[in-house]
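Novice: Supplied structure: data_18.tsv, TSV, C-alpha atoms (C1' of nucleotides) and all ligand atoms.
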chain	number	residue	atom	x	y	z
W	726	MET	CA	133.53	106.45	109.10
W	727	THR	CA	135.52	106.85	105.87
W	728	LYS	CA	135.82	110.04	103.85
W	729	GLN	CA	133.43	108.59	101.30
W	730	GLN	CA	130.83	107.74	103.91
W	731	GLU	CA	131.11	111.18	105.43
W	732	LEU	CA	130.73	112.82	102.05
W	733	ILE	CA	127.68	110.76	101.13
W	734	THR	CA	126.02	111.28	104.50
W	735	GLY	CA	126.61	115.01	104.19
W	736	ILE	CA	125.06	115.18	100.74
W	737	VAL	CA	121.93	113.35	101.81
W	738	ASN	CA	121.54	115.31	105.02
W	739	SER	CA	121.99	118.68	103.33
W	740	SER	CA	119.63	117.93	100.47
W	741	ARG	CA	115.97	118.71	100.49
W	742	ASN	CA	115.33	117.07	97.10
W	743	HIS	CA	115.07	113.36	97.95
W	744	PRO	CA	117.95	112.60	95.59
W	745	THR	CA	118.53	109.31	93.79
W	746	ALA	CA	121.80	107.38	94.03
W	747	ALA	CA	122.76	108.73	90.60
W	748	GLU	CA	122.17	112.30	91.72
W	749	ILE	CA	124.16	111.75	94.90
W	750	TYR	CA	126.98	110.27	92.85
W	751	ILE	CA	127.11	113.34	90.59
W	752	GLU	CA	127.27	115.64	93.58
W	753	ALA	CA	129.85	113.48	95.31
W	754	ARG	CA	132.18	113.66	92.32
W	755	GLN	CA	132.38	117.44	92.72
W	756	LYS	CA	134.21	117.00	96.01
W	757	MET	CA	135.85	113.66	95.28
W	758	PRO	CA	136.26	113.01	91.56
W	759	SER	CA	137.68	109.53	92.08
W	760	ILE	CA	134.68	108.15	93.93
W	761	ALA	CA	133.05	105.13	92.30
W	762	VAL	CA	129.38	104.63	91.72
W	763	GLY	CA	129.50	101.28	93.48
W	764	THR	CA	130.86	103.00	96.57
W	765	VAL	CA	127.90	105.34	96.60
W	766	TYR	CA	125.46	102.44	96.39
W	767	ARG	CA	127.26	100.40	99.01
W	768	ASN	CA	127.40	103.22	101.52
W	769	LEU	CA	123.84	104.30	100.90
W	770	LYS	CA	122.83	100.76	101.72
W	771	LEU	CA	124.94	100.73	104.88
W	772	LEU	CA	123.63	104.09	106.03
W	773	THR	CA	120.08	103.02	105.32
W	774	SER	CA	120.24	99.72	107.16
W	775	SER	CA	121.71	101.39	110.21
W	776	GLY	CA	118.99	104.04	110.12
W	777	GLU	CA	121.31	107.03	109.51
W	778	ILE	CA	119.32	107.95	106.44
W	779	ARG	CA	116.02	106.95	104.97
W	780	LYS	CA	115.25	105.23	101.68
W	781	LEU	CA	112.07	105.99	99.75
W	782	SER	CA	110.51	103.86	97.05
W	783	PHE	CA	108.14	105.22	94.44
W	784	PRO	CA	106.78	103.15	91.57
W	785	GLY	CA	108.71	103.43	88.34
W	786	GLN	CA	111.46	105.60	89.79
W	787	PRO	CA	114.90	104.72	91.09
W	788	GLU	CA	115.09	104.68	94.87
W	789	ARG	CA	115.44	108.00	96.63
W	790	TYR	CA	117.17	108.93	99.85
W	791	ASP	CA	116.06	111.27	102.57
W	792	ARG	CA	117.50	112.64	105.75
W	793	ILE	CA	115.96	111.78	109.07
W	794	GLU	CA	114.53	114.83	110.64
W	795	HIS	CA	111.27	115.19	112.48
W	796	PRO	CA	109.01	112.43	111.16
W	797	HIS	CA	107.25	113.45	107.99
W	798	GLY	CA	105.26	111.94	105.17
W	799	HIS	CA	105.47	112.52	101.43
W	800	LEU	CA	103.18	114.04	98.87
W	801	HIS	CA	103.85	112.38	95.55
W	802	CYS	CA	102.53	114.01	92.40
W	803	VAL	CA	101.56	111.30	89.94
W	804	ALA	CA	101.73	113.77	87.05
W	805	CYS	CA	105.24	115.23	87.41
W	806	GLY	CA	106.75	112.75	89.87
W	807	GLY	CA	107.60	115.53	92.31
W	808	ILE	CA	107.93	114.69	95.99
W	809	ASN	CA	107.25	117.10	98.83
W	810	ASP	CA	107.29	116.68	102.57
W	811	PHE	CA	104.36	117.09	104.86
W	812	GLU	CA	104.17	117.19	108.63
W	813	ILE	CA	102.84	114.15	110.42
W	814	SER	CA	100.99	115.32	113.49
W	815	PRO	CA	101.62	113.53	116.79
W	816	THR	CA	98.03	112.36	116.69
W	817	LEU	CA	98.51	110.79	113.30
W	818	ARG	CA	101.79	109.24	114.35
W	819	ASP	CA	100.24	107.70	117.46
W	820	GLU	CA	97.31	106.39	115.44
W	821	ILE	CA	99.69	104.70	113.05
W	822	LEU	CA	101.92	103.26	115.72
W	823	ALA	CA	98.95	101.87	117.62
W	824	HIS	CA	98.50	99.45	114.71
W	825	ALA	CA	101.87	97.83	114.97
W	826	GLY	CA	102.68	97.04	118.55
W	827	GLU	CA	106.30	96.89	119.59
W	828	ARG	CA	109.22	96.10	117.23
W	829	VAL	CA	108.30	99.00	114.97
W	830	ILE	CA	111.25	100.51	113.13
W	831	SER	CA	109.71	103.23	111.03
W	832	CYS	CA	106.69	104.15	109.02
W	833	ASP	CA	106.16	105.69	105.62
W	834	VAL	CA	103.09	107.65	104.64
W	835	THR	CA	102.74	108.63	101.00
W	836	ILE	CA	99.86	110.57	99.54
W	837	ASN	CA	99.53	110.32	95.78
W	838	TYR	CA	97.92	113.37	94.25
W	839	ILE	CA	98.21	115.98	91.53
W	840	CYS	CA	100.24	118.95	92.66
W	841	ASP	CA	99.21	122.59	92.26
W	842	GLU	CA	101.67	123.27	89.45
W	843	CYS	CA	100.55	120.30	87.41
W	844	ALA	CA	96.91	121.11	88.05
W	845	VAL	CA	97.13	124.66	86.71
W	846	ALA	CA	99.66	123.89	83.99
W	847	ASN	CA	97.42	121.31	82.42
W	848	GLU	CA	94.03	121.73	83.93
W	849	ASN	CA	91.92	119.66	81.56
W	850	SER	CA	94.39	116.79	81.35
W	851	ALA	CA	94.87	116.61	85.12
W	852	ASN	CA	91.16	116.73	85.72
W	853	LYS	CA	90.58	114.00	83.18
W	854	LYS	CA	93.20	111.86	84.86
W	855	LEU	CA	91.62	112.45	88.23
W	856	LYS	CA	88.16	111.72	86.86
W	857	ASN	CA	89.10	108.49	85.08
W	858	TYR	CA	90.89	107.26	88.13
W	859	LYS	CA	89.19	104.77	90.39
W	860	ARG	CA	90.02	106.43	93.66
W	861	ARG	CA	90.92	104.50	96.75
W	862	LEU	CA	91.05	106.46	99.92
Q	461	MET	CA	88.98	93.93	77.99
Q	462	THR	CA	91.00	91.17	76.38
Q	463	LYS	CA	91.35	87.61	77.65
Q	464	GLN	CA	94.83	88.44	78.89
Q	465	GLN	CA	93.66	91.50	80.79
Q	466	GLU	CA	90.84	89.54	82.35
Q	467	LEU	CA	93.19	86.78	83.40
Q	468	ILE	CA	95.70	89.18	84.94
Q	469	THR	CA	93.03	91.17	86.75
Q	470	GLY	CA	91.58	87.96	88.12
Q	471	ILE	CA	94.93	86.78	89.41
Q	472	VAL	CA	95.62	90.03	91.23
Q	473	ASN	CA	92.15	90.30	92.67
Q	474	SER	CA	92.07	86.74	93.92
Q	475	SER	CA	95.51	86.86	95.48
Q	476	ARG	CA	96.20	87.85	99.04
Q	477	ASN	CA	99.99	87.67	98.62
Q	478	HIS	CA	100.85	91.00	97.01
Q	479	PRO	CA	102.42	89.18	94.07
Q	480	THR	CA	105.18	90.53	91.84
Q	481	ALA	CA	104.87	90.70	88.06
Q	482	ALA	CA	107.02	87.58	87.80
Q	483	GLU	CA	104.74	85.69	90.16
Q	484	ILE	CA	101.66	86.85	88.28
Q	485	TYR	CA	103.27	85.74	85.03
Q	486	ILE	CA	103.93	82.26	86.41
Q	487	GLU	CA	100.33	81.94	87.55
Q	488	ALA	CA	99.01	83.32	84.28
Q	489	ARG	CA	100.90	80.72	82.26
Q	490	GLN	CA	98.94	77.97	84.01
Q	491	LYS	CA	95.75	79.14	82.34
Q	492	MET	CA	97.29	80.61	79.19
Q	493	PRO	CA	100.68	79.08	78.39
Q	494	SER	CA	101.28	81.34	75.41
Q	495	ILE	CA	101.06	84.59	77.36
Q	496	ALA	CA	104.16	86.76	77.13
Q	497	VAL	CA	105.90	88.40	80.04
Q	498	GLY	CA	105.70	91.77	78.28
Q	499	THR	CA	101.95	91.40	78.12
Q	500	VAL	CA	101.79	90.91	81.85
Q	501	TYR	CA	103.85	94.04	82.47
Q	502	ARG	CA	101.94	96.12	79.96
Q	503	ASN	CA	98.56	95.19	81.38
Q	504	LEU	CA	99.64	95.58	84.96
Q	505	LYS	CA	100.67	99.08	84.05
Q	506	LEU	CA	97.38	99.81	82.32
Q	507	LEU	CA	95.35	98.39	85.20
Q	508	THR	CA	97.40	100.36	87.69
Q	509	SER	CA	97.14	103.68	85.95
Q	510	SER	CA	93.38	103.33	85.62
Q	511	GLY	CA	93.14	102.46	89.31
Q	512	GLU	CA	91.78	98.92	88.82
Q	513	ILE	CA	94.59	97.52	90.89
Q	514	ARG	CA	97.22	98.94	93.17
Q	515	LYS	CA	100.97	98.92	92.85
Q	516	LEU	CA	103.20	98.72	95.90
Q	517	SER	CA	106.86	99.68	96.09
Q	518	PHE	CA	109.20	98.35	98.73
Q	519	PRO	CA	112.92	99.06	98.75
Q	520	GLY	CA	115.08	96.42	97.13
Q	521	GLN	CA	112.16	94.35	95.89
Q	522	PRO	CA	110.43	94.20	92.53
Q	523	GLU	CA	107.12	96.04	92.48
Q	524	ARG	CA	104.14	94.25	93.93
Q	525	TYR	CA	100.48	94.40	93.01
Q	526	ASP	CA	97.46	94.48	95.25
Q	527	ARG	CA	93.75	94.41	94.82
Q	528	ILE	CA	91.64	97.37	95.79
Q	529	GLU	CA	89.40	96.50	98.61
Q	530	HIS	CA	88.58	98.53	101.67
Q	531	PRO	CA	91.52	100.89	102.17
Q	532	HIS	CA	94.31	99.28	104.12
Q	533	GLY	CA	97.94	99.84	104.97
Q	534	HIS	CA	100.85	97.43	104.97
Q	535	LEU	CA	103.06	95.95	107.63
Q	536	HIS	CA	106.44	95.25	106.11
Q	537	CYS	CA	108.84	92.99	107.98
Q	538	VAL	CA	112.37	94.20	107.36
Q	539	ALA	CA	113.76	90.83	108.38
Q	540	CYS	CA	111.87	88.42	106.10
Q	541	GLY	CA	110.38	90.90	103.63
Q	542	GLY	CA	106.86	89.67	104.36
Q	543	ILE	CA	103.95	92.01	103.76
Q	544	ASN	CA	100.68	91.93	105.66
Q	545	ASP	CA	97.62	94.10	105.54
Q	546	PHE	CA	96.27	96.19	108.35
Q	547	GLU	CA	93.05	98.10	108.68
Q	548	ILE	CA	93.15	101.84	108.35
Q	549	SER	CA	90.56	103.30	110.65
Q	550	PRO	CA	88.25	106.06	109.31
Q	551	THR	CA	89.87	108.40	111.82
Q	552	LEU	CA	93.32	107.66	110.50
Q	553	ARG	CA	92.13	108.00	106.93
Q	554	ASP	CA	90.55	111.37	107.59
Q	555	GLU	CA	93.67	112.59	109.36
Q	556	ILE	CA	95.78	111.63	106.38
Q	557	LEU	CA	93.44	113.13	103.84
Q	558	ALA	CA	93.26	116.40	105.74
Q	559	HIS	CA	96.88	116.93	104.78
Q	560	ALA	CA	96.41	116.84	101.07
Q	561	GLY	CA	93.43	118.94	100.07
Q	562	GLU	CA	91.59	118.04	96.92
Q	563	ARG	CA	93.15	116.21	93.96
Q	564	VAL	CA	94.11	113.25	96.11
Q	565	ILE	CA	94.24	109.95	94.29
Q	566	SER	CA	95.33	107.48	96.92
Q	567	CYS	CA	97.52	107.05	99.92
Q	568	ASP	CA	99.95	104.39	101.05
Q	569	VAL	CA	100.81	103.71	104.65
Q	570	THR	CA	103.63	101.30	105.34
Q	571	ILE	CA	104.88	100.32	108.77
Q	572	ASN	CA	108.33	98.74	108.80
Q	573	TYR	CA	108.81	96.35	111.68
Q	574	ILE	CA	109.96	92.89	112.66
Q	575	CYS	CA	107.16	90.39	112.46
Q	576	ASP	CA	106.26	87.90	115.17
Q	577	GLU	CA	107.68	84.92	113.32
Q	578	CYS	CA	111.02	86.61	112.71
Q	579	ALA	CA	111.17	87.85	116.28
Q	580	VAL	CA	110.73	84.43	117.85
Q	581	ALA	CA	112.71	82.56	115.20
Q	582	ASN	CA	115.80	84.64	115.80
Q	583	GLU	CA	115.23	86.53	118.99
Q	584	ASN	CA	118.74	87.76	119.70
Q	585	SER	CA	119.46	88.78	116.12
Q	586	ALA	CA	116.17	90.62	115.73
Q	587	ASN	CA	116.63	92.42	119.02
Q	588	LYS	CA	120.14	93.45	118.06
Q	589	LYS	CA	118.89	94.76	114.75
Q	590	LEU	CA	116.15	96.70	116.51
Q	591	LYS	CA	118.60	98.04	119.07
Q	592	ASN	CA	121.24	99.16	116.56
Q	593	TYR	CA	118.64	100.86	114.48
Q	594	LYS	CA	118.22	104.58	114.74
Q	595	ARG	CA	114.45	104.64	114.95
Q	596	ARG	CA	112.38	107.26	113.27
Q	597	LEU	CA	108.77	107.35	114.21
N	875	DA	C1'	157.09	103.07	113.93
N	876	DT	C1'	156.32	98.07	111.74
N	877	DC	C1'	154.07	94.69	109.89
N	878	DA	C1'	150.03	91.60	109.13
N	879	DA	C1'	145.15	91.25	109.07
N	880	DA	C1'	140.83	93.38	108.14
N	881	DA	C1'	138.05	96.67	105.88
N	882	DT	C1'	137.09	99.70	102.11
N	883	DT	C1'	137.62	101.22	97.64
N	884	DA	C1'	137.61	101.93	92.25
N	885	DA	C1'	136.49	99.99	88.12
N	886	DG	C1'	133.90	97.54	85.46
N	887	DA	C1'	131.35	93.12	84.53
N	888	DA	C1'	127.10	90.84	85.63
N	889	DT	C1'	122.33	90.54	87.08
N	890	DC	C1'	117.60	91.60	87.55
N	891	DA	C1'	113.41	94.08	86.61
N	892	DT	C1'	111.20	96.48	83.32
N	893	DT	C1'	110.42	98.64	78.87
N	894	DC	C1'	110.77	98.86	73.95
N	895	DC	C1'	110.51	97.06	69.22
N	896	DT	C1'	108.48	94.51	65.45
N	897	DA	C1'	105.95	91.43	62.94
N	898	DA	C1'	101.93	88.60	63.58
N	899	DT	C1'	97.29	88.17	65.38
N	900	DT	C1'	93.10	89.71	67.08
N	901	DT	C1'	89.40	93.05	67.48
N	902	DT	C1'	86.73	96.88	65.82
N	903	DT	C1'	84.62	99.74	62.38
N	904	DC	C1'	82.34	100.47	58.30
L	226	DG	C1'	83.92	90.73	55.03
L	227	DA	C1'	87.73	94.01	54.05
L	228	DA	C1'	90.42	97.88	56.04
L	229	DA	C1'	91.98	100.13	60.09
L	230	DA	C1'	93.10	100.04	64.90
L	231	DA	C1'	94.49	97.72	68.95
L	232	DT	C1'	96.79	94.00	71.25
L	233	DT	C1'	99.87	90.36	71.39
L	234	DA	C1'	104.22	87.14	71.58
L	235	DG	C1'	108.84	87.05	71.47
L	236	DG	C1'	112.94	88.81	72.18
L	237	DA	C1'	116.27	92.68	72.19
L	238	DA	C1'	117.46	96.79	74.75
L	239	DT	C1'	117.69	99.68	78.73
L	240	DG	C1'	118.42	101.22	83.43
L	241	DA	C1'	119.22	100.53	88.20
L	242	DT	C1'	121.62	98.00	91.34
L	243	DT	C1'	124.74	94.44	92.90
L	244	DC	C1'	128.83	91.62	92.48
L	245	DT	C1'	133.75	90.54	91.63
L	246	DT	C1'	138.50	91.48	92.01
L	247	DA	C1'	142.69	93.54	92.68
L	248	DA	C1'	144.52	97.63	94.79
L	249	DT	C1'	144.50	100.84	98.64
L	250	DT	C1'	143.56	102.27	103.19
L	251	DT	C1'	142.78	101.52	108.00
L	252	DT	C1'	143.40	98.98	112.27
L	253	DG	C1'	145.70	97.22	115.98
L	254	DA	C1'	148.93	94.37	118.10
L	255	DT	C1'	153.81	94.17	118.60
H	1	MN	MN	111.23	113.86	102.88
H	2	MN	MN	97.44	94.70	100.72
H	3	ZN	ZN	103.13	117.75	89.71
H	4	ZN	ZN	109.41	88.59	109.21
Write the structure described by the file as structure tokens, please.
Specialist:
Amino acid sequence: MTKQQELITGIVNSSRNHPTAAEIYIEARQKMPSIAVGTVYRNLKLLTSSGEIRKLSFPGQPERYDRIEHPHGHLHCVACGGINDFEISPTLRDEILAHAGERVISCDVTINYICDECAVANENSANKKLKNYKRRL
Amino acid sequence: MTKQQELITGIVNSSRNHPTAAEIYIEARQKMPSIAVGTVYRNLKLLTSSGEIRKLSFPGQPERYDRIEHPHGHLHCVACGGINDFEISPTLRDEILAHAGERVISCDVTINYICDECAVANENSANKKLKNYKRRL
DNA sequence: ATCAAAATTAAGAATCATTCCTAATTTTTC
DNA sequence: GAAAAATTAGGAATGATTCTTAATTTTGAT
């Protein structure tokens, strides 16, 4: 594992913000000013495909990276774009896995919602959004 | 609702392939050769944000669009990139929703795995991939 | 240690998906 | 049926990610 890989792994594993590649690159430059953006992308891809870290996709945003800790899902606020973790109970996990048989690698659970901050900050607008939305649950 | 919107909605709702914007554009041109690619993107965005259709994000792929039928999750083969639907049981749905309180808009459940076809087509390679992978369930 | 082969990197060009801009066209309102 | 508002086609612009290449670092056999 090269210095660059170690640095990048460390940044992802110590972050609780689900950072993008660009954000990881900015942080990496603090410790290693010569690092190239392509190196960050390449190593993020390597680390992801070996399962060292986790890659998250949200519509309209650049990809985000997450550490692998206890399995958890994500609450995604459609108003501010914020992403928070939530616990996946063993029951829920087993229910999900029962659907897929063997050869399962991982699973991603994302709940799209309007977070508390956005709801109080802009109550009428958030409520309108929620009301106009054709919900699918 | 304009002719273009109607056409695009129809294509998404009649497709079972989770098509990308580019694929929808190609199909749209069959019926309306003058339609512009920007129009497809703009209307897909409008339809998505009003909840008429559903937008799916998978790492490293362009965004995909899905009709809204009974709630379902997605099985994503990491080998071939194929995407298939799976039923979400009411139990599973309720478990998921219990995590998010009110103000929920939708939820996405994706299981990453290696599909049957890929497993038999390239048994040793798929098994190696599965073995080298640090699973997170 | 010494050298050659293999892997990784920095830098920046290239690509791909998506959005933005503008003038023309269509739809709505009065 | 004219004026105003909304939508479109077409293409330029943007942003994220990958690709290319030459230089540097690591590996590993002598
Ligand atoms: Mn997380
Ligand atoms: Mn589907
Ligand atoms: Zn929010
Ligand atoms: Zn497959």
Novice: What are the residues of chain L that have an atom within 9 Å of an atom of chain Q, counting only C-alpha atoms (C1' of nucleotides), as a CSV table (one decimal) with C-alpha atoms (C1' of nucleotides), in the frame of the given file?
Specialist:
chain,number,residue,atom,x,y,z
L,232,DT,C1',96.8,94.0,71.2
L,233,DT,C1',99.9,90.4,71.4
L,234,DA,C1',104.2,87.1,71.6
L,235,DG,C1',108.8,87.0,71.5
L,242,DT,C1',121.6,98.0,91.3
Novice: Please identify every residue of chain N that has at least one atom no more than 12 Å from any atom of chain W, counting all atoms listed in the file, and report them as a PyMOL selection string.
Specialist: chain N and resi 881-886+891-893
Novice: Which residues of chain Q are close to chain W, meaning at most 8 Å apart when you count all atoms listed in the file, and how do they look as a PyMOL selection string?
Specialist: chain Q and resi 509-512+515-519+523+528+531+535+546+552-553+555-556+559-560+563-575+590+592-597
Novice: Hey, which of W:Glu848, W:Asp810, W:Asp791, W:Glu842 ends up closest to ligand ZN 3 (chain H)? Count all atoms listed in the file.
Specialist: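 Distance minimum relative to ligand ZN 3 (chain H) lands on W:Glu842.
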Novice: Pick out the closest residue to DA231 of chain L from this set: N:DC904, N:DC894, N:DT899, N:DC877. Count only C-alpha atoms (C1' of nucleotides).
Specialist: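 Using only C-alpha atoms (C1' of nucleotides), the shortest distance to DA231 of chain L belongs to N:DT899.
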Novice: Please complete segment 463-486 of chain Q so it has N, CA and C atoms, and hand it over as an mmCIF file, in the frame of the given file.
Specialist:
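Printed below is selection.cif as written:
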data_model
loop_
_atom_site.group_PDB
_atom_site.id
_atom_site.type_symbol
_atom_site.label_atom_id
_atom_site.label_comp_id
_atom_site.auth_asym_id
_atom_site.auth_seq_id
_atom_site.Cartn_x
_atom_site.Cartn_y
_atom_site.Cartn_z
ATOM 1 N N LYS Q 463 91.228 88.799 76.794
ATOM 2 C CA LYS Q 463 91.350 87.610 77.650
ATOM 3 C C LYS Q 463 92.532 87.750 78.612
ATOM 4 N N GLN Q 464 93.635 88.299 78.052
ATOM 5 C CA GLN Q 464 94.830 88.440 78.890
ATOM 6 C C GLN Q 464 94.586 89.406 80.054
ATOM 7 N N GLN Q 465 93.946 90.536 79.727
ATOM 8 C CA GLN Q 465 93.660 91.500 80.790
ATOM 9 C C GLN Q 465 92.767 90.909 81.867
ATOM 10 N N GLU Q 466 91.779 90.146 81.405
ATOM 11 C CA GLU Q 466 90.840 89.540 82.350
ATOM 12 C C GLU Q 466 91.569 88.551 83.253
ATOM 13 N N LEU Q 467 92.424 87.768 82.631
ATOM 14 C CA LEU Q 467 93.190 86.780 83.400
ATOM 15 C C LEU Q 467 94.051 87.460 84.447
ATOM 16 N N ILE Q 468 94.785 88.496 84.027
ATOM 17 C CA ILE Q 468 95.700 89.180 84.940
ATOM 18 C C ILE Q 468 94.933 89.866 86.067
ATOM 19 N N THR Q 469 93.850 90.537 85.716
ATOM 20 C CA THR Q 469 93.030 91.170 86.750
ATOM 21 C C THR Q 469 92.537 90.145 87.758
ATOM 22 N N GLY Q 470 92.083 89.007 87.240
ATOM 23 C CA GLY Q 470 91.580 87.960 88.120
ATOM 24 C C GLY Q 470 92.640 87.453 89.070
ATOM 25 N N ILE Q 471 93.854 87.284 88.555
ATOM 26 C CA ILE Q 471 94.930 86.780 89.410
ATOM 27 C C ILE Q 471 95.224 87.763 90.536
ATOM 28 N N VAL Q 472 95.325 89.034 90.195
ATOM 29 C CA VAL Q 472 95.620 90.030 91.230
ATOM 30 C C VAL Q 472 94.488 90.102 92.248
ATOM 31 N N ASN Q 473 93.274 90.111 91.753
ATOM 32 C CA ASN Q 473 92.150 90.300 92.670
ATOM 33 C C ASN Q 473 91.873 89.084 93.544
ATOM 34 N N SER Q 474 92.337 87.920 93.107
ATOM 35 C CA SER Q 474 92.070 86.740 93.920
ATOM 36 C C SER Q 474 93.274 86.379 94.797
ATOM 37 N N SER Q 475 94.320 87.170 94.700
ATOM 38 C CA SER Q 475 95.510 86.860 95.480
ATOM 39 C C SER Q 475 95.572 87.698 96.739
ATOM 40 N N ARG Q 476 96.044 87.097 97.799
ATOM 41 C CA ARG Q 476 96.200 87.850 99.040
ATOM 42 C C ARG Q 476 97.691 88.005 99.378
ATOM 43 N N ASN Q 477 98.548 87.730 98.377
ATOM 44 C CA ASN Q 477 99.990 87.670 98.620
ATOM 45 C C ASN Q 477 100.775 88.869 98.139
ATOM 46 N N HIS Q 478 100.099 89.883 97.567
ATOM 47 C CA HIS Q 478 100.850 91.000 97.010
ATOM 48 C C HIS Q 478 101.903 90.503 96.030
ATOM 49 N N PRO Q 479 101.476 89.834 94.968
ATOM 50 C CA PRO Q 479 102.420 89.180 94.070
ATOM 51 C C PRO Q 479 103.194 90.176 93.200
ATOM 52 N N THR Q 480 104.386 89.760 92.797
ATOM 53 C CA THR Q 480 105.180 90.530 91.840
ATOM 54 C C THR Q 480 104.732 90.189 90.419
ATOM 55 N N ALA Q 481 105.200 90.973 89.460
ATOM 56 C CA ALA Q 481 104.870 90.700 88.060
ATOM 57 C C ALA Q 481 105.325 89.300 87.667
ATOM 58 N N ALA Q 482 106.497 88.907 88.137
ATOM 59 C CA ALA Q 482 107.020 87.580 87.800
ATOM 60 C C ALA Q 482 106.106 86.490 88.344
ATOM 61 N N GLU Q 483 105.617 86.681 89.562
ATOM 62 C CA GLU Q 483 104.740 85.690 90.160
ATOM 63 C C GLU Q 483 103.398 85.644 89.425
ATOM 64 N N ILE Q 484 102.917 86.795 89.033
ATOM 65 C CA ILE Q 484 101.660 86.850 88.280
ATOM 66 C C ILE Q 484 101.839 86.164 86.924
ATOM 67 N N TYR Q 485 102.986 86.364 86.327
ATOM 68 C CA TYR Q 485 103.270 85.740 85.030
ATOM 69 C C TYR Q 485 103.259 84.222 85.152
ATOM 70 N N ILE Q 486 103.903 83.705 86.201
ATOM 71 C CA ILE Q 486 103.930 82.260 86.410
ATOM 72 C C ILE Q 486 102.513 81.721 86.571
#
